[in-house]
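The next block is model_15.txt, given as compact mmCIF, C-alpha atoms.
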```txt
# COMPACT_ATOMS: atom_id res chain seq x y z
CA MET A 62 -33.06 14.25 49.18
CA GLU A 63 -32.23 10.63 48.61
CA SER A 64 -31.60 8.31 51.52
CA VAL A 65 -28.31 6.54 52.05
CA GLY A 66 -30.09 3.20 51.63
CA ASN A 67 -31.22 4.11 48.09
CA ILE A 68 -27.70 5.14 47.14
CA ILE A 69 -26.22 1.93 48.54
CA LEU A 70 -28.89 -0.13 46.76
CA PHE A 71 -28.12 1.67 43.50
CA PHE A 72 -24.40 0.91 43.75
CA VAL A 73 -24.98 -2.73 44.72
CA VAL A 74 -27.36 -3.20 41.77
CA ALA A 75 -25.01 -1.34 39.41
CA ILE A 76 -22.10 -3.57 40.43
CA ALA A 77 -24.32 -6.65 39.97
CA ILE A 78 -25.25 -5.46 36.47
CA ILE A 79 -21.59 -4.97 35.57
CA VAL A 80 -20.48 -8.33 37.00
CA PHE A 81 -23.30 -10.35 35.44
CA SER A 82 -22.88 -8.56 32.11
CA VAL A 83 -19.22 -9.54 32.01
CA LEU A 84 -20.09 -13.10 33.04
CA THR A 85 -22.76 -13.23 30.31
CA VAL A 86 -20.25 -12.64 27.54
CA THR A 87 -17.27 -14.50 29.01
CA THR A 88 -18.73 -17.85 30.06
CA ARG A 89 -18.35 -20.82 27.75
CA LYS A 90 -21.62 -22.49 28.80
CA ILE A 91 -24.50 -20.99 26.89
CA LEU A 92 -27.19 -21.81 29.45
CA ARG A 93 -25.14 -20.11 32.15
CA SER A 94 -24.83 -17.14 29.85
CA ALA A 95 -28.61 -16.98 29.50
CA THR A 96 -28.97 -17.21 33.29
CA TYR A 97 -26.51 -14.36 33.81
CA LEU A 98 -28.46 -12.34 31.25
CA LEU A 99 -31.60 -12.99 33.30
CA PHE A 100 -29.84 -11.55 36.37
CA VAL A 101 -28.85 -8.46 34.37
CA LEU A 102 -32.44 -7.94 33.24
CA PHE A 103 -33.80 -8.32 36.77
CA ALA A 104 -31.21 -5.87 38.12
CA THR A 105 -32.19 -3.38 35.43
CA ALA A 106 -35.80 -3.74 36.56
CA ILE A 107 -34.69 -2.93 40.12
CA ILE A 108 -33.14 0.29 38.82
CA TYR A 109 -36.47 1.17 37.16
CA PHE A 110 -38.37 0.46 40.37
CA GLN A 111 -35.90 2.59 42.31
CA MET A 112 -36.59 5.51 39.95
CA ASP A 113 -40.35 5.08 40.63
CA TYR A 114 -41.05 3.77 37.14
CA GLN A 115 -43.10 0.80 38.33
CA PHE A 116 -44.75 0.18 34.97
CA LEU A 117 -41.43 0.19 33.13
CA GLY A 118 -39.93 -2.18 35.73
CA ALA A 119 -42.87 -4.54 35.38
CA VAL A 120 -42.57 -4.45 31.59
CA GLN A 121 -38.83 -5.15 31.91
CA ILE A 122 -39.54 -8.27 33.94
CA ALA A 123 -42.52 -9.46 31.89
CA VAL A 124 -41.21 -8.80 28.39
CA TYR A 125 -37.46 -9.14 28.60
CA ALA A 126 -36.80 -11.36 31.60
CA GLY A 127 -39.90 -13.44 30.94
CA GLY A 128 -40.56 -13.57 27.25
CA ILE A 129 -37.32 -12.95 25.42
CA LEU A 130 -35.15 -14.98 27.78
CA VAL A 131 -37.53 -17.93 27.45
CA LEU A 132 -37.20 -17.52 23.68
CA PHE A 133 -33.39 -17.63 24.06
CA VAL A 134 -33.54 -20.78 26.18
CA PHE A 135 -35.85 -22.52 23.69
CA ALA A 136 -33.52 -21.55 20.85
CA ILE A 137 -30.58 -22.96 22.80
CA MET A 138 -32.42 -26.20 23.54
CA LEU A 139 -33.49 -26.63 19.91
CA THR A 140 -29.92 -26.50 18.63
CA GLN A 141 -27.60 -29.46 18.88
CA ARG A 142 -25.25 -28.78 21.78
CA PRO A 143 -24.02 -25.35 20.74
CA GLY A 144 -20.50 -24.48 21.74
CA LYS A 145 -19.53 -28.07 22.43
CA ASP A 146 -16.73 -28.08 19.88
CA ALA A 147 -15.99 -24.35 20.09
CA GLU A 148 -12.32 -23.53 20.10
CA GLY A 149 -10.80 -20.97 22.45
CA LEU A 150 -9.87 -17.51 21.30
CA SER A 151 -6.35 -17.01 20.05
CA SER A 152 -4.13 -14.47 21.74
CA HIS A 153 -4.45 -12.15 18.73
CA ARG A 154 -8.24 -12.18 18.82
CA ARG A 155 -8.31 -11.70 22.58
CA TRP A 156 -6.17 -8.55 22.32
CA LEU A 157 -8.27 -7.30 19.42
CA GLY A 158 -11.45 -7.76 21.49
CA LEU A 159 -9.90 -6.06 24.51
CA THR A 160 -8.82 -3.11 22.37
CA ALA A 161 -12.29 -2.80 20.85
CA ALA A 162 -13.89 -2.99 24.31
CA LEU A 163 -11.61 -0.26 25.69
CA ALA A 164 -12.33 1.93 22.66
CA GLY A 165 -16.06 1.42 23.24
CA VAL A 166 -15.72 2.36 26.91
CA ALA A 167 -13.77 5.49 25.94
CA VAL A 168 -16.41 6.55 23.38
CA CYS A 169 -19.28 5.89 25.81
CA GLY A 170 -17.46 7.77 28.58
CA TYR A 171 -16.87 10.73 26.31
CA ALA A 172 -20.51 10.74 25.21
CA LEU A 173 -21.71 10.46 28.80
CA PHE A 174 -19.58 13.25 30.23
CA SER A 175 -20.00 15.60 27.30
CA TYR A 176 -23.78 15.29 27.63
CA VAL A 177 -25.40 18.61 28.49
CA GLY A 178 -27.05 17.15 31.60
CA PHE A 179 -23.63 16.83 33.23
CA THR A 180 -22.56 20.32 32.26
CA GLY A 181 -25.56 22.06 33.82
CA GLY A 182 -27.51 22.44 30.58
CA LYS A 183 -30.98 21.24 29.80
CA THR A 184 -32.07 17.63 29.88
CA ILE A 185 -33.39 15.78 26.84
CA ALA A 186 -36.95 15.84 28.21
CA SER A 187 -36.80 19.61 28.71
CA VAL A 188 -35.48 20.12 25.18
CA ILE A 189 -38.21 17.95 23.65
CA ASP A 190 -41.08 19.32 25.67
CA GLY A 191 -39.81 22.84 26.28
CA LYS A 192 -40.12 22.36 30.04
CA ASP A 193 -37.94 23.96 32.67
CA ILE A 194 -35.13 22.04 34.32
CA GLY A 195 -36.29 20.15 37.37
CA GLU A 196 -39.87 19.63 36.22
CA ILE A 197 -40.96 16.03 36.60
CA VAL A 198 -41.70 14.10 33.42
CA ASN A 199 -44.17 11.26 33.97
CA MET A 200 -44.41 7.89 32.22
CA GLU A 201 -47.29 9.02 30.01
CA THR A 202 -45.15 11.78 28.52
CA ILE A 203 -42.24 9.42 27.95
CA GLY A 204 -44.56 6.83 26.36
CA ASN A 205 -46.09 9.43 24.06
CA PHE A 206 -42.65 10.54 22.92
CA LEU A 207 -41.36 7.01 22.36
CA LEU A 208 -44.35 5.77 20.40
CA SER A 209 -45.04 8.89 18.39
CA THR A 210 -44.21 9.63 14.79
CA ASP A 211 -42.72 13.01 15.66
CA LYS A 212 -39.07 13.98 15.37
CA PHE A 213 -37.96 12.00 18.43
CA GLY A 214 -40.50 9.18 18.07
CA TYR A 215 -39.60 5.52 17.87
CA LEU A 216 -42.77 3.97 16.47
CA LEU A 217 -41.13 2.62 13.29
CA PRO A 218 -38.18 0.91 15.08
CA PHE A 219 -40.63 -0.49 17.64
CA GLU A 220 -42.72 -2.07 14.90
CA ALA A 221 -39.62 -3.32 13.07
CA ILE A 222 -38.44 -5.11 16.22
CA SER A 223 -41.92 -6.63 16.62
CA VAL A 224 -41.72 -8.06 13.09
CA LEU A 225 -38.18 -9.34 13.77
CA LEU A 226 -39.31 -11.14 16.93
CA LEU A 227 -42.24 -12.66 15.05
CA ALA A 228 -39.83 -13.92 12.37
CA CYS A 229 -37.64 -15.45 15.11
CA ILE A 230 -40.61 -17.26 16.62
CA ILE A 231 -41.69 -18.60 13.22
CA GLY A 232 -38.11 -19.69 12.50
CA GLY A 233 -37.95 -21.51 15.84
CA VAL A 234 -41.19 -23.35 15.08
CA VAL A 235 -39.93 -24.34 11.60
CA ILE A 236 -36.66 -25.67 13.04
CA ALA A 237 -38.52 -27.57 15.77
CA ARG A 238 -40.90 -29.19 13.28
CA ARG A 239 -38.04 -30.52 11.12
CA ARG A 240 -36.89 -32.75 13.96
```

Would you mind giving the structure from this file in structure tokens?
Amino acid sequence: MESVGNIILFFVVAIAIIVFSVLTVTTRKILRSATYLLFVLFATAIIYFQMDYQFLGAVQIAVYAGGILVLFVFAIMLTQRPGKDAEGLSSHRRWLGLTAALAGVAVCGYALFSYVGFTGGKTIASVIDGKDIGEIVNMETIGNFLLSTDKFGYLLPFEAISVLLLACIIGGVVIARRR
């Protein structure tokens, strides 16, 4: 049984993730946006640590909060004052964005609550591995599934993202050398 402290910590971190996510996309200052994104990534790592996925939490901090956010900040610093002359959103665009956001929340809510885990069915891990409900799935099993070439494997998208990040780094170096 979970302690009350863990539940309170989860809700505090979840609220922090929501607040900093909204601040990330609504602020006009791009460096503040990157800082808010850093807070979101750290809070996500706290959720991983709370679920006893220490390795995944450490990877979240090292790769995303450390590496990718530094890449974002360097990209921001290499550009010439981005957003300085940006105009505000018109009323029409603001309502269009709000409508799209509400539609996205509705679709995600439907997908979340129609998921078989909420209806007492099997979990994804039990379907993939054929395990009974309630059996613990460790990080090795999750890693093998994610980086496999089987039906539910994500090796190809993982490699594609690696190539994309390499292209971004090379592009940043090319832009920096021109100046």

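Using only C-alpha atoms, the protein and nucleic acid residues lying no more than 6 Å from range 115-130 of chain A, apart from those fewer than 4 places from it along its own chain, are Leu99, Leu102, Ala106, Tyr109 and Phe110 of chain A.
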
Nearest to Ile91 in chain A, chosen from A:Phe219, A:Phe133, A:Phe206, A:Tyr171, with all atoms listed in the file counted in the distances: A:Phe133

Non-local contacts of Leu70 in chain A (12 Å; all atoms listed in the file; under 5 positions in same chain excluded) as a list in words: Glu63, Ser64, Val65, Ala75, Ile76, Ala77, Ala104, Ile107, Ile108, Phe110, Gln111 and Met112 of chain A

Ser94 in chain A environment, 12 Å, only C-alpha atoms, sequence neighbours closer than 2 positions dropped, as number ranges by chain: A: 81-92, 96-101, 130, 133-134, 137, 144

Keeping C-alpha atoms for every residue in the selection just given, could you write it to a file as a PDB file, keeping the file's coordinate frame?
```pdb
ATOM      1  CA  PHE A  81     -23.300 -10.350  35.440  1.00  0.00           C
ATOM      2  CA  SER A  82     -22.880  -8.560  32.110  1.00  0.00           C
ATOM      3  CA  VAL A  83     -19.220  -9.540  32.010  1.00  0.00           C
ATOM      4  CA  LEU A  84     -20.090 -13.100  33.040  1.00  0.00           C
ATOM      5  CA  THR A  85     -22.760 -13.230  30.310  1.00  0.00           C
ATOM      6  CA  VAL A  86     -20.250 -12.640  27.540  1.00  0.00           C
ATOM      7  CA  THR A  87     -17.270 -14.500  29.010  1.00  0.00           C
ATOM      8  CA  THR A  88     -18.730 -17.850  30.060  1.00  0.00           C
ATOM      9  CA  ARG A  89     -18.350 -20.820  27.750  1.00  0.00           C
ATOM     10  CA  LYS A  90     -21.620 -22.490  28.800  1.00  0.00           C
ATOM     11  CA  ILE A  91     -24.500 -20.990  26.890  1.00  0.00           C
ATOM     12  CA  LEU A  92     -27.190 -21.810  29.450  1.00  0.00           C
ATOM     13  CA  THR A  96     -28.970 -17.210  33.290  1.00  0.00           C
ATOM     14  CA  TYR A  97     -26.510 -14.360  33.810  1.00  0.00           C
ATOM     15  CA  LEU A  98     -28.460 -12.340  31.250  1.00  0.00           C
ATOM     16  CA  LEU A  99     -31.600 -12.990  33.300  1.00  0.00           C
ATOM     17  CA  PHE A 100     -29.840 -11.550  36.370  1.00  0.00           C
ATOM     18  CA  VAL A 101     -28.850  -8.460  34.370  1.00  0.00           C
ATOM     19  CA  LEU A 130     -35.150 -14.980  27.780  1.00  0.00           C
ATOM     20  CA  PHE A 133     -33.390 -17.630  24.060  1.00  0.00           C
ATOM     21  CA  VAL A 134     -33.540 -20.780  26.180  1.00  0.00           C
ATOM     22  CA  ILE A 137     -30.580 -22.960  22.800  1.00  0.00           C
ATOM     23  CA  GLY A 144     -20.500 -24.480  21.740  1.00  0.00           C
TER      24      GLY A 144
END
```

Between CA of Thr210 in chain A and CA of Val224 in chain A, distance in Å (one decimal): 17.9 Å

Draw an axis-aligned box tight on the listed atoms of range 78-93 of chain A, then pad every side by 6 Å and write out centre and edge lengths in Å to one decimal as JSON.
```
{"center_x": -22.2, "center_y": -13.7, "center_z": 31.9, "size_x": 21.9, "size_y": 29.5, "size_z": 22.1}
```

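What separates CA of Val80 in chain A from CA of Tyr114 in chain A is a distance of 23.9 Å.
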
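Closest to Phe103 in chain A among A:Val74, A:Ala172, A:Ile79, A:Leu208 is A:Val74, based on all atoms listed in the file.
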
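Relative to CA of Phe135 in chain A, CA of Ile236 in chain A is found at 11.1 Å.
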